[in-house]
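Here the structure is laid out as structure tokens; the discussion comes afterwards.
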Amino acid sequence: MKKILLNLLLISITMSGHSQNKNMELEAFNIIGITTETTNANGQSITDIGKLWQQFEQEQIATKIPNIVSNEVFSVFTDYESDYTGAYRVIIGFKVSDLEEIPEGMVGRSFKAGSYTRFMAKGKVPQSIAQTWQSIWKEDEKQKRRYTADYEVYGPKSQQGERSEVDIYIAVE
């Protein structure tokens, strides 16, 4: 019962609509999706991640992933070479109950529970996402980032034009 109440509290914090940064403990999860490696140098990530999103939509990846546990699309940033200035891997996909059946051409990964800071990108996507990441990078040293796995969560509010909201979670110490 205590765990259920804690999860409800985390959900209510996430859904509160406030754009203030919030520190929280998040549970471990599995994801299946498509992936690419990129870097933020010379704007390369904008091109690479844009192509990955196009592939995700054109190939209807959502219809091919088994055991989905949430309708939210996750964009996970992991396998950092160093910090936000180095190479890293992006996975776009869904949370799943297990990794027993990974479709050909996709990857499955497990991510550990941990401490995260939540940021909310508000406004037209993808511009609001880029602006929020710029803010995160400006405060990089203050954040005490772990560079294990950071992620964006695209839920029902992410497709509302100028009123869109996307949560961004960064792993912190």
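Naming scheme: A, B, ... for chains in displayed order of the structure tokens; residues 1 onward per chain; ligands 1 onward as shown.
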
Going by DSSP on the backbone, which residues of chain A come out as strand (DSSP E or B)? List them as a ChimeraX atom specification.
/A:22-26,29-39,68-78,87-96,107-111,114-122,145,149-154,165-172

Those in region 33-89 of chain A with alpha helix (DSSP H) from DSSP, as a PyMOL selection string:
chain A and resi 44-58

Measuring between only C-alpha atoms, which one of A:Ile61, A:Ile136, A:Asn42, A:Lys144 shows the shortest distance to Pro103 (chain A)?
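The answer is A:Ile61, which sits nearest to Pro103 (chain A).
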
Distance criterion (only C-alpha atoms): nearest to Lys51 (chain A) out of A:Ser164, A:Gln134, A:Ser128, A:Thr38
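Residue with the minimum atom-to-atom distance to Lys51 (chain A): A:Thr38.
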
Length of the CA of Asn71 (chain A) to CA of Ile46 (chain A) vector [Å]
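Separation between CA of Asn71 (chain A) and CA of Ile46 (chain A): 24.4 Å.
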